[in-house]
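Novice: Before we start, here is the structure in question, set down as structure tokens.
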Amino acid sequence: MTTALQLENVVGGVRTGTLAGEVLPLVDPSTGEEFGTSPVTRWMDVDAAMHVAAGACESWASTTPQDRQRALLALAEAMESRAEDLVSAECRVTGKQRSHVAEVELPLAVDAVRFYASAARLLEGGAAGEYVAGSTSFARREPIGVVAQVTSWTHPLLLAASKIAPAVAAGNTVVIKPAETTPLSTLLLVELAAEHFPPGVVNVICGDRDSGRAMVAHAVPGMFSITGTVRSGMEVAGAVAADLKRAHLQLGGKAPALVFEDADVEAAADRLCAAAFGNAGQSCTASSRVLVADEVYDEMVDAVARRARWMRPGPPEDIDAAFGPLNSAGQRDVVESHLDRLPAHARVVAGGRRLDRPGFFHEATVVADMEQEDELVQHEVLGPVMSLQRFSGEQQALEWANGVRYGLVASVWTRDHARAMRLSRQVQAGTVWINTHDQVVAEMPHSGFKHSASARDFGRFGLEEYSRVKHVLSHWGE
């Protein structure tokens with residue numbers, strides 16, 4: 001007989017139950033079966049966690065960058081030594097392919113921690129100078145204090161690592177809440193952190209939307225960071241604005257991929273299908289919106305449809321599967337409802353159906369002949385669905401690429417260097433890739449425009465987000 005897994009929060013370095021004892025079911029998306037529970041954190045538990053983090057804040061903020069670096073490097077080492085456990089935890093709640101988590105997402109998470117371990121020693125204010133007679137001014141960077149964080153179910157381990165690392169590198173303490181369906185890997189990550197950080201520096205609480213609202217409403221955090229939907233981001237922005245706190249919002253995307261007549265169509269199809277259907281399309285950077293020049297449109301439709309037909313979904317242990325299930329039955333319903341509402345001119349050239357098996361699997365789906373105002377073009381789906389549009393000329397491609405409310409990432413496919421440089425400036429996106437898609441590196445910023453919000457992750461920019469600047473003026477003259 002298998003004992004159901006019963007998760008607890010980790011606060012002050014120890015596993016902690018909740019006062020009310022409410023729980024949420026944990027569901028394996030590759031089978032649809034419940035395998036355990038996670039706690040629902042309510043106000044009193046949120047309050048306790050925030051005060052633990054606040055109690056640890058003064059001493060942690062006073063540590064040297066070298067001390068913070070050592071702790072982060074030790075965490076990175078621990079993540080590698082417990083790689084199998086982290087991969088298993090991630091796959092259990094997401095259904096992702098083990099090979100992808102082990103070879104791509106876990107290394108990215110470890111690299112983010114190591115990057116911020118080094119960046120912690122480079123965070124500085126500005127040069128000193130005399131701007132008033134007899135006085136010297138300098139700017140210093142300081143921690144914000146307690147940072148509350150919420151992550152999405154799309155990449156729970158990577159998002160947790162890339163939020164916790166810059167926050168603590170800058171001298172803050174953290175209370176993080178993973179998505180209610182995917183808490184397992186974040187809990188394990190924080191338990192590993194507790195072995196190398198002082199108690200209370202990194203804390204994790206589980207729960208639902210109301211748990212997150214309690215975090216936003218609490219007086220202690222000086223900053224709230226969320227990766228989530230536009231709706232969630234707007235709610236957070238309104239709530240923190242009422243108390244004049246800092247909001248760090250990384251929201252949705254509807255990434256355009258512009259394929260021009262001189263592009264290598266087969267190479268573009270390879271990369272765009274990988275980016276559209278990997279993780280079952282559940283990524284804000286997915287290449288879900290492909291705009292193709294008239295001259296190569298039919299060729300491109302055929303190329304992506306062929307690939308989509310053999311990109312079969314399957315459970316984590318299926319080494320031949322191209323991607324896993326959707327996160328939940330509700331998310332699968334969202335995908336199907338978008339496909340059910342397709343306009344008459346849309347043409348499904350691959351996929352379009354759920355799999356007749358346990359779990360929340362859906363076929364890789366390609367929809368051709370879409371128009372700019374169609375719902376599937378304008379709205380994020382977070383599923384294995386790629387839409388294709390036919391454009392005539394660079395100006396139309398640019399107008400359509402920018403003609404949605406999102407502005408997170410984009411890609412341009414062309415052999416014309418001048419065109420690539422021109423569009424990299426004109427496309428309204430925080431990241432523009434040229435002849436590739438979905439390549440994230442720790443050294444460069446990841447941010448968005450418009451409704452994708454403006455929070456910056458990664459690079460020195462991401463570290464600076466978790467600090468505040470103070471002007472110090474010392475009068476030494478007579």
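Residues in the structure tokens are named by chain (A, B, ... in the order shown) and by number from 1 within that chain; ligands are numbered from 1 in the order shown.
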Residues of stretch 116-165 of chain A in strand (DSSP E or B) according to DSSP, as a compact mmCIF listing (two decimals) with N, CA and C atoms, in the first residue's frame?

Specialist:
# COMPACT_ATOMS: atom_id res chain seq x y z
N GLY A 129 31.30 61.67 -5.94
CA GLY A 129 31.66 62.92 -6.57
C GLY A 129 31.24 64.11 -5.71
N GLU A 130 31.81 65.26 -6.00
CA GLU A 130 31.47 66.49 -5.29
C GLU A 130 30.55 67.33 -6.18
N TYR A 131 29.29 67.34 -5.84
CA TYR A 131 28.30 68.08 -6.64
C TYR A 131 27.81 69.33 -5.91
N VAL A 132 28.16 69.42 -4.62
CA VAL A 132 27.90 70.61 -3.81
C VAL A 132 29.22 70.95 -3.14
N SER A 135 31.14 69.02 -0.09
CA SER A 135 30.36 67.81 0.19
C SER A 135 30.69 66.73 -0.83
N THR A 136 30.65 65.49 -0.39
CA THR A 136 30.83 64.34 -1.28
C THR A 136 29.55 63.52 -1.30
N SER A 137 29.10 63.20 -2.50
CA SER A 137 27.90 62.38 -2.68
C SER A 137 28.27 61.02 -3.24
N PHE A 138 27.55 60.02 -2.82
CA PHE A 138 27.64 58.71 -3.47
C PHE A 138 26.30 58.00 -3.36
N ALA A 139 26.09 57.09 -4.26
CA ALA A 139 24.85 56.30 -4.26
C ALA A 139 25.18 54.90 -3.78
N ARG A 140 24.35 54.35 -2.93
CA ARG A 140 24.54 53.00 -2.45
C ARG A 140 23.28 52.18 -2.74
N ARG A 141 23.50 50.92 -3.06
CA ARG A 141 22.37 50.01 -3.26
C ARG A 141 22.14 49.23 -1.99
N GLU A 142 20.87 49.09 -1.63
CA GLU A 142 20.49 48.37 -0.42
C GLU A 142 19.38 47.37 -0.73
N PRO A 143 19.25 46.34 0.10
CA PRO A 143 18.14 45.41 -0.07
C PRO A 143 16.80 46.11 0.16
N VAL A 146 11.88 42.20 2.93
CA VAL A 146 11.21 40.94 2.65
C VAL A 146 10.57 41.02 1.27
N VAL A 147 10.79 40.01 0.45
CA VAL A 147 10.21 39.95 -0.89
C VAL A 147 9.23 38.78 -0.94
N ALA A 148 7.99 39.05 -1.32
CA ALA A 148 6.99 38.01 -1.53
C ALA A 148 6.99 37.64 -3.01
N GLN A 149 6.94 36.34 -3.29
CA GLN A 149 7.05 35.88 -4.68
C GLN A 149 6.00 34.79 -4.96
N VAL A 150 5.47 34.81 -6.17
CA VAL A 150 4.54 33.78 -6.63
C VAL A 150 5.00 33.31 -8.00

Novice: Extract, using only C-alpha atoms, all DNA, RNA and protein residues at most 12 Å from A:Glu8, discarding same-chain residues fewer than 4 positions from it, and format them as a PyMOL selection string.

Specialist: chain A and resi 13-19+21-24+36-41+45+183-184+186-188+190-191+203-207

Novice: Restricting it to C-alpha atoms, dump the selection as a PDB file, in the first residue's frame.

Specialist:
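In the end it all went to out-v2.pdb:
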ATOM      1  CA  GLY A  13      14.098  26.228   7.844  1.00  0.00           C
ATOM      2  CA  VAL A  14      11.609  23.669   9.199  1.00  0.00           C
ATOM      3  CA  ARG A  15       8.503  21.962   7.865  1.00  0.00           C
ATOM      4  CA  THR A  16       5.459  23.690   9.263  1.00  0.00           C
ATOM      5  CA  GLY A  17       1.770  22.789   9.272  1.00  0.00           C
ATOM      6  CA  THR A  18      -1.044  25.295   8.857  1.00  0.00           C
ATOM      7  CA  LEU A  19      -3.455  26.321  11.608  1.00  0.00           C
ATOM      8  CA  GLY A  21      -5.362  22.250   8.265  1.00  0.00           C
ATOM      9  CA  GLU A  22      -6.933  22.839   4.851  1.00  0.00           C
ATOM     10  CA  VAL A  23      -5.379  20.929   1.965  1.00  0.00           C
ATOM     11  CA  LEU A  24      -5.467  20.793  -1.828  1.00  0.00           C
ATOM     12  CA  GLY A  36      -1.143  13.480  -2.125  1.00  0.00           C
ATOM     13  CA  THR A  37      -2.048  16.844  -0.650  1.00  0.00           C
ATOM     14  CA  SER A  38      -0.468  20.258  -0.137  1.00  0.00           C
ATOM     15  CA  PRO A  39      -1.447  22.806   2.535  1.00  0.00           C
ATOM     16  CA  VAL A  40      -3.654  25.819   1.984  1.00  0.00           C
ATOM     17  CA  THR A  41      -2.015  28.755   3.738  1.00  0.00           C
ATOM     18  CA  ASP A  45       0.060  31.352   8.529  1.00  0.00           C
ATOM     19  CA  PRO A 183       4.503  22.917  -5.325  1.00  0.00           C
ATOM     20  CA  LEU A 184       6.740  19.861  -5.041  1.00  0.00           C
ATOM     21  CA  THR A 186       9.902  24.397  -4.987  1.00  0.00           C
ATOM     22  CA  LEU A 187       9.464  22.834  -1.544  1.00  0.00           C
ATOM     23  CA  LEU A 188      12.468  20.607  -2.135  1.00  0.00           C
ATOM     24  CA  VAL A 190      13.740  25.571  -0.287  1.00  0.00           C
ATOM     25  CA  GLU A 191      14.603  22.615   1.946  1.00  0.00           C
ATOM     26  CA  ASN A 203      10.666  30.320   3.083  1.00  0.00           C
ATOM     27  CA  VAL A 204       7.923  28.626   1.059  1.00  0.00           C
ATOM     28  CA  ILE A 205       4.189  28.517   1.641  1.00  0.00           C
ATOM     29  CA  CYS A 206       1.627  26.649  -0.443  1.00  0.00           C
ATOM     30  CA  GLY A 207      -1.942  27.508  -1.262  1.00  0.00           C
TER      31      GLY A 207
END

Novice: Find the residues around A:Val265 up to 8 Å (only C-alpha atoms counted), leave out those fewer than 5 positions away in its own chain, and share them as a count of residues only.

Specialist: 5

Novice: Enumerate as a PyMOL selection string all residues of stretch 33-171 of chain A assigned to helix (DSSP H, G or I) by DSSP on the backbone, naming them with the chain letters and numbers the document uses.

Specialist: chain A and resi 43-61+65-81+83-94+98-119+156-169

Novice: Between A:Lys96, A:His379, A:His218, A:Arg68, which is the closest to A:Pro315 once you count only C-alpha atoms?

Specialist: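 That would be A:Lys96, the residue with the smallest distance to A:Pro315.
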
Novice: With distances taken over only C-alpha atoms, which of A:Asp85, A:Asp270, A:Glu58, A:Glu195 is nearest to A:Ala308?

Specialist: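 Nearest to A:Ala308: A:Asp270.
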
Novice: For the contact check between stretch 260-292 of chain A and stretch 425-448 of chain A, emit one row per residue of stretch 260-292 of chain A within 8 Å, containing the shortest atom pair and the distance in Å rounded to one decimal, counting only C-alpha atoms, chain then rising number order, as JSON lines.

Specialist:
{"residue": "A:Ala268", "atom": "CA", "partner": "A:Asn435", "partner_atom": "CA", "distance": 7.2}
{"residue": "A:Arg271", "atom": "CA", "partner": "A:Thr436", "partner_atom": "CA", "distance": 6.6}
{"residue": "A:Leu272", "atom": "CA", "partner": "A:His437", "partner_atom": "CA", "distance": 6.7}
{"residue": "A:Ala275", "atom": "CA", "partner": "A:Asp438", "partner_atom": "CA", "distance": 6.3}
{"residue": "A:Thr285", "atom": "CA", "partner": "A:Asp438", "partner_atom": "CA", "distance": 6.3}
{"residue": "A:Ala286", "atom": "CA", "partner": "A:Asp438", "partner_atom": "CA", "distance": 7.3}
{"residue": "A:Ser287", "atom": "CA", "partner": "A:His437", "partner_atom": "CA", "distance": 7.4}

Novice: Excluding A:Ser59 and its own-chain neighbours fewer than 3 positions away, which residues fall within 10 Å of it when counting only C-alpha atoms? Please give them as a PyMOL selection string.

Specialist: chain A and resi 54-56+62-63+171+198+201

Novice: For A:Ala112, find every residue with an atom within 9 Å (counting only C-alpha atoms), except residues of its own chain fewer than 2 positions away, and show them as a list in words.

Specialist: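 After dropping sequence-adjacent residues, the list is Ala76, Pro107, Leu108, Ala109, Val110, Arg114, Phe115, Tyr116, Ala117, Leu158, Ala161, Ser162, Ala165, Pro166, Val441, Ala442, Glu443 and Phe458 of chain A.
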
Novice: Between A:Ala418, A:Ala321, A:Ala119, A:Val304, which residue has the minimum interatomic distance to A:Val367, considering only C-alpha atoms?

Specialist: A:Val304

Novice: Identify, on the basis of only C-alpha atoms, every residue whose closest approach to A:Asp210 does not exceed 12 Å; exclude the query and any residue fewer than 4 positions from it along the same chain; express the result as a list in words.

Specialist: Val40, Thr41, Arg42, Trp43, Val46, Lys177, Ala179, Glu180, Cys206, Ala214, Met215, Val216, Ala217, Ser232, Glu235 and Val236 of chain A

Novice: Pick the closest to A:Arg354 from A:Glu380, A:Asp28, A:Glu336, A:Asp369: which is it, counting only C-alpha atoms?

Specialist: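 Closest to A:Arg354 of all the choices is A:Glu336.
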
Novice: Rank A:Pro178, A:Gly12, A:Pro325, A:Gly212 by their smallest atom-to-atom distance to A:Thr94, using only C-alpha atoms, and report the top residue only.

Specialist: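 Comparing A:Pro178, A:Gly12, A:Pro325, A:Gly212 against A:Thr94, the winner is A:Pro325.
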
Novice: A:Leu159, A:Ala397, A:Leu463, A:Val202: which is nearest A:Phe260, counting only C-alpha atoms?

Specialist: A:Ala397
